[in-house]
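This is target.txt. It holds compact mmCIF, C-alpha atoms.
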```txt
# COMPACT_ATOMS: atom_id res chain seq x y z
CA MET G 1 -122.60 -133.84 -36.14
CA ASN G 2 -119.13 -135.23 -36.80
CA SER G 3 -116.02 -134.15 -34.89
CA PHE G 4 -115.16 -131.27 -37.21
CA GLU G 5 -118.70 -129.87 -37.31
CA THR G 6 -118.96 -130.05 -33.54
CA ASP G 7 -115.64 -128.31 -33.04
CA LEU G 8 -116.42 -125.61 -35.60
CA PHE G 9 -119.82 -124.91 -34.01
CA ARG G 10 -118.22 -124.66 -30.58
CA ALA G 11 -115.51 -122.36 -31.92
CA ILE G 12 -117.75 -119.82 -33.66
CA THR G 13 -120.25 -119.73 -30.80
CA SER G 14 -117.60 -119.45 -28.09
CA LYS G 15 -117.10 -116.47 -25.80
CA GLY G 16 -113.65 -116.06 -27.31
CA PHE G 17 -115.10 -115.55 -30.80
CA VAL G 18 -117.61 -112.96 -29.59
CA ILE G 19 -115.01 -111.13 -27.50
CA GLY G 20 -112.53 -111.15 -30.37
CA LEU G 21 -115.13 -109.82 -32.81
CA VAL G 22 -116.15 -107.01 -30.46
CA LEU G 23 -112.52 -106.06 -29.86
CA GLU G 24 -111.74 -106.04 -33.58
CA LEU G 25 -114.70 -103.81 -34.33
CA ALA G 26 -113.63 -101.48 -31.52
CA VAL G 27 -110.13 -101.27 -32.99
CA LEU G 28 -111.43 -100.67 -36.51
CA MET G 29 -113.92 -98.01 -35.43
CA THR G 30 -111.26 -96.27 -33.35
CA ALA G 31 -108.20 -96.47 -35.58
CA GLY G 32 -109.35 -97.75 -39.00
CA MET G 33 -108.30 -100.62 -41.22
CA ASN G 34 -105.05 -99.02 -42.33
CA SER G 35 -103.83 -98.44 -38.79
CA GLU G 36 -100.86 -99.98 -37.04
CA LEU G 37 -103.17 -100.95 -34.19
CA PHE G 38 -105.34 -103.10 -36.44
CA ARG G 39 -102.30 -104.76 -37.97
CA VAL G 40 -100.76 -105.78 -34.65
CA CYS G 41 -104.14 -107.10 -33.43
CA VAL G 42 -104.40 -109.64 -36.27
CA PRO G 43 -102.21 -112.35 -34.65
CA VAL G 44 -103.87 -111.84 -31.26
CA LEU G 45 -107.62 -111.74 -31.82
CA CYS G 46 -107.71 -114.77 -34.12
CA THR G 47 -106.31 -116.96 -31.32
CA LEU G 48 -109.19 -116.27 -28.92
CA PRO G 49 -111.92 -118.61 -30.25
CA TYR G 50 -110.33 -122.08 -30.17
CA SER G 51 -106.54 -122.16 -29.99
CA THR G 52 -106.44 -123.72 -26.51
CA ALA G 53 -109.39 -126.11 -26.96
CA TRP G 54 -107.07 -129.12 -26.98
CA LEU G 55 -105.45 -128.11 -23.69
CA VAL G 56 -108.83 -127.72 -22.00
CA GLU G 57 -109.97 -131.18 -23.06
CA TYR G 58 -106.59 -132.77 -22.34
CA HIS G 59 -106.25 -131.34 -18.83
CA SER G 60 -109.88 -132.05 -17.93
CA GLY G 61 -109.70 -135.62 -19.22
CA PHE G 62 -112.61 -134.99 -21.58
CA VAL G 63 -110.51 -136.28 -24.47
CA LYS G 64 -110.98 -139.81 -23.12
CA ASN G 65 -114.72 -139.50 -23.72
CA CYS G 66 -114.29 -138.13 -27.24
CA LEU G 67 -111.90 -140.65 -28.72
CA PRO G 68 -114.22 -143.72 -28.54
CA ARG G 69 -116.70 -141.82 -30.75
CA THR G 70 -114.28 -140.88 -33.52
CA SER G 71 -110.86 -141.70 -34.93
CA ILE G 72 -107.67 -140.04 -33.75
CA THR G 73 -107.19 -138.39 -37.15
CA SER G 74 -110.74 -137.00 -37.22
CA TYR G 75 -110.38 -135.71 -33.68
CA ILE G 76 -107.09 -133.93 -34.35
CA LEU G 77 -108.09 -132.47 -37.71
CA GLY G 78 -111.43 -131.35 -36.28
CA LYS G 79 -109.62 -129.40 -33.58
CA ILE G 80 -107.04 -127.71 -35.79
CA LEU G 81 -109.36 -126.94 -38.72
CA ALA G 82 -112.01 -125.49 -36.42
CA CYS G 83 -109.34 -123.39 -34.76
CA GLY G 84 -107.98 -122.07 -38.07
CA ILE G 85 -111.35 -121.46 -39.73
CA SER G 86 -112.82 -119.69 -36.69
CA GLY G 87 -109.71 -117.51 -36.43
CA GLY G 88 -109.95 -116.54 -40.08
CA LEU G 89 -113.71 -115.98 -39.88
CA LEU G 90 -113.31 -113.71 -36.88
CA GLU G 91 -110.91 -111.45 -38.78
CA VAL G 92 -113.09 -111.35 -41.89
CA ALA G 93 -116.35 -110.88 -39.99
CA GLY G 94 -115.01 -107.87 -38.17
CA ALA G 95 -113.60 -106.31 -41.33
CA TRP G 96 -116.78 -107.03 -43.29
CA ILE G 97 -119.05 -105.47 -40.67
CA PHE G 98 -116.76 -102.47 -40.53
CA THR G 99 -116.83 -101.98 -44.29
CA LEU G 100 -120.64 -102.00 -44.20
CA LEU G 101 -120.55 -99.18 -41.68
CA TYR G 102 -117.42 -97.66 -43.17
CA PRO G 103 -118.93 -94.68 -45.08
CA LEU G 104 -120.46 -93.44 -41.84
CA LEU G 105 -117.37 -93.96 -39.72
CA LYS G 106 -114.03 -93.35 -41.40
CA GLU G 107 -114.28 -91.29 -44.54
CA GLY G 108 -111.01 -91.19 -46.43
CA ASP G 109 -109.60 -94.30 -44.75
CA ALA G 110 -110.04 -96.81 -47.60
CA PRO G 111 -109.92 -100.52 -46.78
CA ALA G 112 -106.44 -101.83 -47.43
CA CYS G 113 -106.91 -105.59 -47.14
CA ARG G 114 -108.53 -108.33 -49.15
CA PHE G 115 -110.92 -110.64 -47.34
CA LEU G 116 -109.40 -113.90 -48.62
CA LEU G 117 -105.90 -112.84 -47.57
CA LEU G 118 -107.17 -111.62 -44.21
CA PHE G 119 -108.95 -114.95 -43.68
CA LEU G 120 -105.81 -116.94 -44.47
CA SER G 121 -103.67 -114.67 -42.28
CA GLY G 122 -106.05 -115.14 -39.35
CA MET G 123 -106.12 -118.87 -39.99
CA LEU G 124 -102.33 -119.08 -40.06
CA TRP G 125 -101.82 -117.31 -36.73
CA ALA G 126 -104.65 -119.24 -35.09
CA VAL G 127 -103.13 -122.54 -36.23
CA LEU G 128 -99.70 -121.44 -35.05
CA SER G 129 -101.19 -120.56 -31.67
CA ALA G 130 -102.78 -124.02 -31.40
CA LEU G 131 -99.46 -125.61 -32.33
CA LEU G 132 -97.66 -123.63 -29.62
CA ALA G 133 -100.34 -124.66 -27.13
CA ALA G 134 -99.88 -128.33 -27.97
CA TRP G 135 -96.08 -128.09 -27.96
CA SER G 136 -95.71 -126.08 -24.75
CA ASN G 137 -98.76 -127.36 -22.86
CA ASN G 138 -99.27 -123.75 -21.81
CA ARG G 139 -102.16 -121.47 -22.80
CA TYR G 140 -100.22 -118.26 -22.14
CA ILE G 141 -97.56 -119.26 -24.65
CA ALA G 142 -100.36 -120.09 -27.08
CA TYR G 143 -101.96 -116.65 -26.82
CA GLY G 144 -98.70 -114.69 -26.74
CA GLY G 145 -96.46 -116.80 -28.92
CA SER G 146 -98.12 -115.95 -32.23
CA PHE G 147 -97.87 -112.23 -31.52
CA VAL G 148 -94.18 -112.52 -30.57
CA ILE G 149 -93.32 -114.38 -33.77
CA TYR G 150 -95.45 -111.98 -35.82
CA TYR G 151 -93.79 -108.90 -34.39
CA LEU G 152 -90.34 -110.46 -34.70
CA LEU G 153 -90.94 -110.87 -38.43
CA VAL G 154 -92.07 -107.24 -38.62
CA ILE G 155 -88.91 -106.03 -36.87
CA LEU G 156 -86.61 -108.21 -38.97
CA HIS G 157 -88.16 -106.87 -42.16
CA GLU G 158 -88.30 -103.20 -41.19
CA ARG G 159 -84.80 -103.04 -39.68
CA TYR G 160 -82.69 -105.62 -41.46
CA PHE G 161 -84.29 -107.33 -44.47
CA LYS G 162 -86.45 -104.76 -46.23
CA GLN G 163 -86.13 -106.58 -49.56
CA LEU G 164 -87.70 -109.77 -48.17
CA TYR G 165 -91.25 -108.49 -48.23
CA CYS G 166 -92.53 -112.05 -48.66
CA LEU G 167 -91.76 -112.62 -44.97
CA TYR G 168 -93.45 -109.38 -43.87
CA PRO G 169 -96.77 -110.28 -42.15
CA TYR G 170 -98.43 -107.00 -43.18
CA GLU G 171 -97.91 -107.97 -46.82
CA TRP G 172 -99.89 -111.16 -46.31
CA PHE G 173 -103.22 -109.36 -45.92
CA ALA G 174 -102.51 -105.84 -47.21
CA PRO G 175 -99.90 -106.22 -49.98
CA SER G 176 -98.05 -103.14 -51.18
CA HIS G 177 -95.56 -104.95 -53.45
CA THR G 178 -95.98 -106.89 -56.67
CA TRP G 179 -95.92 -110.61 -55.91
CA ILE G 180 -95.17 -113.49 -58.26
CA PHE G 181 -98.61 -114.70 -59.43
CA ASP G 182 -100.06 -111.58 -57.78
CA GLU G 183 -102.55 -112.35 -55.01
CA GLN G 184 -102.44 -116.06 -55.81
CA GLY G 185 -98.77 -116.06 -54.83
CA ILE G 186 -99.66 -114.89 -51.32
CA VAL G 187 -102.45 -117.48 -51.12
CA LEU G 188 -100.01 -120.24 -52.06
CA LEU G 189 -97.46 -119.07 -49.49
CA LEU G 190 -99.97 -118.88 -46.65
CA ALA G 191 -101.62 -122.19 -47.59
CA GLY G 192 -98.23 -123.90 -47.65
CA ILE G 193 -97.25 -122.57 -44.22
CA ILE G 194 -100.65 -123.55 -42.79
CA LEU G 195 -100.30 -127.12 -44.08
CA ILE G 196 -96.84 -127.42 -42.51
CA LEU G 197 -98.13 -126.16 -39.17
CA ILE G 198 -101.08 -128.56 -39.31
CA TYR G 199 -98.70 -131.46 -39.93
CA PHE G 200 -96.62 -130.64 -36.84
CA TYR G 201 -99.78 -130.13 -34.79
CA TYR G 202 -101.05 -133.52 -35.87
CA GLU G 203 -97.82 -135.27 -34.92
CA ILE G 204 -97.69 -133.64 -31.48
CA LEU G 205 -101.30 -134.46 -30.64
CA ARG G 206 -101.08 -138.00 -31.97
CA ARG G 207 -98.20 -138.74 -29.61
CA CYS G 208 -100.04 -137.16 -26.68
CA ILE G 209 -103.22 -139.11 -27.41
CA GLU G 210 -101.34 -142.39 -27.61
CA ARG G 211 -100.30 -141.83 -23.99
CA VAL G 212 -103.82 -141.07 -22.80
```
Structure re-expressed in structure tokens:
Amino acid sequence: MNSFETDLFRAITSKGFVIGLVLELAVLMTAGMNSELFRVCVPVLCTLPYSTAWLVEYHSGFVKNCLPRTSITSYILGKILACGISGGLLEVAGAWIFTLLYPLLKEGDAPACRFLLLFLSGMLWAVLSALLAAWSNNRYIAYGGSFVIYYLLVILHERYFKQLYCLYPYEWFAPSHTWIFDEQGIVLLLAGIILILIYFYYEILRRCIERV
């Protein structure tokens, strides 16, 4: 397998992915998909599978063994794409399993999110977490930073800028307003932010690897 395939396999078979999936299902079965609890869990659970993978390999020195087998670009993109995809898959897998069981569990609590938007939202916060990990060299900032930024955006919208719903994280996976280009407008926004975050992640890791 190439670098990306290896990283993706490790991400979706990791303890973090399993733990995150179990926790999401527990939240959904307890509170439902429309709950505040589920919404605030989105930027947390998606970071569990692979957001600190780079730090683990960097601190252990394992990165020195990986680089001779692949290029720097392949190594970096494999890490960040596996992190983002596994984070998005975790969110969607939990929601999908819940909707299969949904008629037996939460009658009257209709699903409020779309799977594609939920996947991209999970991917965005997972990628942001990986970026914070690379920038800060600290796993605690990686796991907590995404949630802090997420909740800050929620507070700013609800208290000060209620008209700027495009910056409201809840809107990104459970829209309640009419967007330009409808759902495609949200997809474009999230994809654009993800690409920007990936660029900064790449630059940070490239400089770190050059010093290895």
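Of the listed residues (G:Thr6, G:Thr73, G:Thr30, G:Gln184), G:Thr30 comes nearest to Phe98 (chain G); the distances count only C-alpha atoms.
For the residues G:Leu132, G:Leu48, G:Leu152, G:Leu117, ranking by smallest atom-to-atom distance to Asp182 (chain G) using only C-alpha atoms places G:Leu117 first.
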Q | Between CA of Thr70 (chain G) and CA of Asn137 (chain G) - distance in Å to one decimal | A | 23.2 Å
Q) Could you pull the residues within 12 Å of Met123 (chain G), counting all atoms listed in the file, minus those fewer than 5 positions along the same chain, as number ranges by chain? A) G: 42-51, 80-92, 116-118, 128-130, 146, 172-173, 187, 190-191, 193-195, 197-198
Long-range neighbours of region 2-5 of chain G as a compact mmCIF listing (two decimals) with C-alpha atoms, keeping the file's coordinate frame, 9 Å cut-off, all atoms listed in the file, 4 positions minimum in chain:
```txt
# COMPACT_ATOMS: atom_id res chain seq x y z
CA PHE G 9 -119.82 -124.91 -34.01
CA ARG G 10 -118.22 -124.66 -30.58
CA CYS G 66 -114.29 -138.13 -27.24
CA ARG G 69 -116.70 -141.82 -30.75
CA THR G 70 -114.28 -140.88 -33.52
CA SER G 74 -110.74 -137.00 -37.22
CA TYR G 75 -110.38 -135.71 -33.68
CA ILE G 76 -107.09 -133.93 -34.35
CA LEU G 77 -108.09 -132.47 -37.71
CA GLY G 78 -111.43 -131.35 -36.28
CA LYS G 79 -109.62 -129.40 -33.58
CA ILE G 80 -107.04 -127.71 -35.79
CA LEU G 81 -109.36 -126.94 -38.72
CA ALA G 82 -112.01 -125.49 -36.42
```
(Q) For a quick check of understanding, using all atoms listed in the file, which of G:Ala53, G:Ala126, G:Ala133, G:Leu120 has the smallest distance to Glu183 (chain G)? (A)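 The closest residue to Glu183 (chain G) is G:Leu120.
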Q: Enter the distance from CA of Gly61 (chain G) to CA of Gly144 (chain G), in Å, rounded to one decimal.
A: 24.8 Å
May I ask you to restore N, CA and C atoms in region 56-81 of chain G and write the result as an mmCIF file, keeping the file's coordinate frame?
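So the final result, stored in part29.cif, reads:
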```
data_model
loop_
_atom_site.group_PDB
_atom_site.id
_atom_site.type_symbol
_atom_site.label_atom_id
_atom_site.label_comp_id
_atom_site.auth_asym_id
_atom_site.auth_seq_id
_atom_site.Cartn_x
_atom_site.Cartn_y
_atom_site.Cartn_z
ATOM 1 N N VAL G 56 -107.692 -127.626 -22.920
ATOM 2 C CA VAL G 56 -108.830 -127.720 -22.000
ATOM 3 C C VAL G 56 -109.320 -129.162 -21.907
ATOM 4 N N GLU G 57 -109.475 -129.804 -23.055
ATOM 5 C CA GLU G 57 -109.970 -131.180 -23.060
ATOM 6 C C GLU G 57 -108.935 -132.164 -22.530
ATOM 7 N N TYR G 58 -107.671 -131.886 -22.793
ATOM 8 C CA TYR G 58 -106.590 -132.770 -22.340
ATOM 9 C C TYR G 58 -106.450 -132.705 -20.820
ATOM 10 N N HIS G 59 -106.436 -131.509 -20.269
ATOM 11 C CA HIS G 59 -106.250 -131.340 -18.830
ATOM 12 C C HIS G 59 -107.477 -131.787 -18.043
ATOM 13 N N SER G 60 -108.659 -131.640 -18.627
ATOM 14 C CA SER G 60 -109.880 -132.050 -17.930
ATOM 15 C C SER G 60 -110.160 -133.544 -18.050
ATOM 16 N N GLY G 61 -109.467 -134.200 -18.984
ATOM 17 C CA GLY G 61 -109.700 -135.620 -19.220
ATOM 18 C C GLY G 61 -110.853 -135.897 -20.156
ATOM 19 N N PHE G 62 -111.467 -134.832 -20.687
ATOM 20 C CA PHE G 62 -112.610 -134.990 -21.580
ATOM 21 C C PHE G 62 -112.236 -135.714 -22.869
ATOM 22 N N VAL G 63 -110.955 -135.641 -23.236
ATOM 23 C CA VAL G 63 -110.510 -136.280 -24.470
ATOM 24 C C VAL G 63 -110.760 -137.792 -24.430
ATOM 25 N N LYS G 64 -110.740 -138.370 -23.243
ATOM 26 C CA LYS G 64 -110.980 -139.810 -23.120
ATOM 27 C C LYS G 64 -112.404 -140.172 -23.523
ATOM 28 N N ASN G 65 -113.330 -139.243 -23.331
ATOM 29 C CA ASN G 65 -114.720 -139.500 -23.720
ATOM 30 C C ASN G 65 -114.960 -139.271 -25.205
ATOM 31 N N CYS G 66 -114.105 -138.452 -25.822
ATOM 32 C CA CYS G 66 -114.290 -138.130 -27.240
ATOM 33 C C CYS G 66 -113.738 -139.208 -28.163
ATOM 34 N N LEU G 67 -112.598 -139.743 -27.810
ATOM 35 C CA LEU G 67 -111.900 -140.650 -28.720
ATOM 36 C C LEU G 67 -112.680 -141.914 -29.072
ATOM 37 N N PRO G 68 -113.454 -142.528 -28.151
ATOM 38 C CA PRO G 68 -114.220 -143.720 -28.540
ATOM 39 C C PRO G 68 -115.272 -143.438 -29.611
ATOM 40 N N ARG G 69 -115.646 -142.173 -29.805
ATOM 41 C CA ARG G 69 -116.700 -141.820 -30.750
ATOM 42 C C ARG G 69 -116.172 -141.420 -32.114
ATOM 43 N N THR G 70 -114.858 -141.291 -32.240
ATOM 44 C CA THR G 70 -114.280 -140.880 -33.520
ATOM 45 C C THR G 70 -112.857 -141.417 -33.615
ATOM 46 N N SER G 71 -112.243 -141.255 -34.767
ATOM 47 C CA SER G 71 -110.860 -141.700 -34.930
ATOM 48 C C SER G 71 -109.907 -140.615 -34.442
ATOM 49 N N ILE G 72 -108.667 -141.004 -34.193
ATOM 50 C CA ILE G 72 -107.670 -140.040 -33.750
ATOM 51 C C ILE G 72 -107.467 -138.955 -34.803
ATOM 52 N N THR G 73 -107.399 -139.360 -36.075
ATOM 53 C CA THR G 73 -107.190 -138.390 -37.150
ATOM 54 C C THR G 73 -108.337 -137.392 -37.236
ATOM 55 N N SER G 74 -109.570 -137.888 -37.160
ATOM 56 C CA SER G 74 -110.740 -137.000 -37.220
ATOM 57 C C SER G 74 -110.752 -136.048 -36.038
ATOM 58 N N TYR G 75 -110.399 -136.551 -34.880
ATOM 59 C CA TYR G 75 -110.380 -135.710 -33.680
ATOM 60 C C TYR G 75 -109.367 -134.582 -33.819
ATOM 61 N N ILE G 76 -108.157 -134.927 -34.243
ATOM 62 C CA ILE G 76 -107.090 -133.930 -34.350
ATOM 63 C C ILE G 76 -107.401 -132.912 -35.436
ATOM 64 N N LEU G 77 -107.801 -133.395 -36.608
ATOM 65 C CA LEU G 77 -108.090 -132.470 -37.710
ATOM 66 C C LEU G 77 -109.298 -131.593 -37.403
ATOM 67 N N GLY G 78 -110.279 -132.156 -36.684
ATOM 68 C CA GLY G 78 -111.430 -131.350 -36.280
ATOM 69 C C GLY G 78 -111.005 -130.186 -35.411
ATOM 70 N N LYS G 79 -110.108 -130.453 -34.473
ATOM 71 C CA LYS G 79 -109.620 -129.400 -33.580
ATOM 72 C C LYS G 79 -108.872 -128.319 -34.340
ATOM 73 N N ILE G 80 -107.903 -128.705 -35.150
ATOM 74 C CA ILE G 80 -107.040 -127.710 -35.790
ATOM 75 C C ILE G 80 -107.766 -126.948 -36.896
ATOM 76 N N LEU G 81 -108.621 -127.628 -37.649
ATOM 77 C CA LEU G 81 -109.360 -126.940 -38.720
ATOM 78 C C LEU G 81 -110.389 -125.973 -38.133
#
```
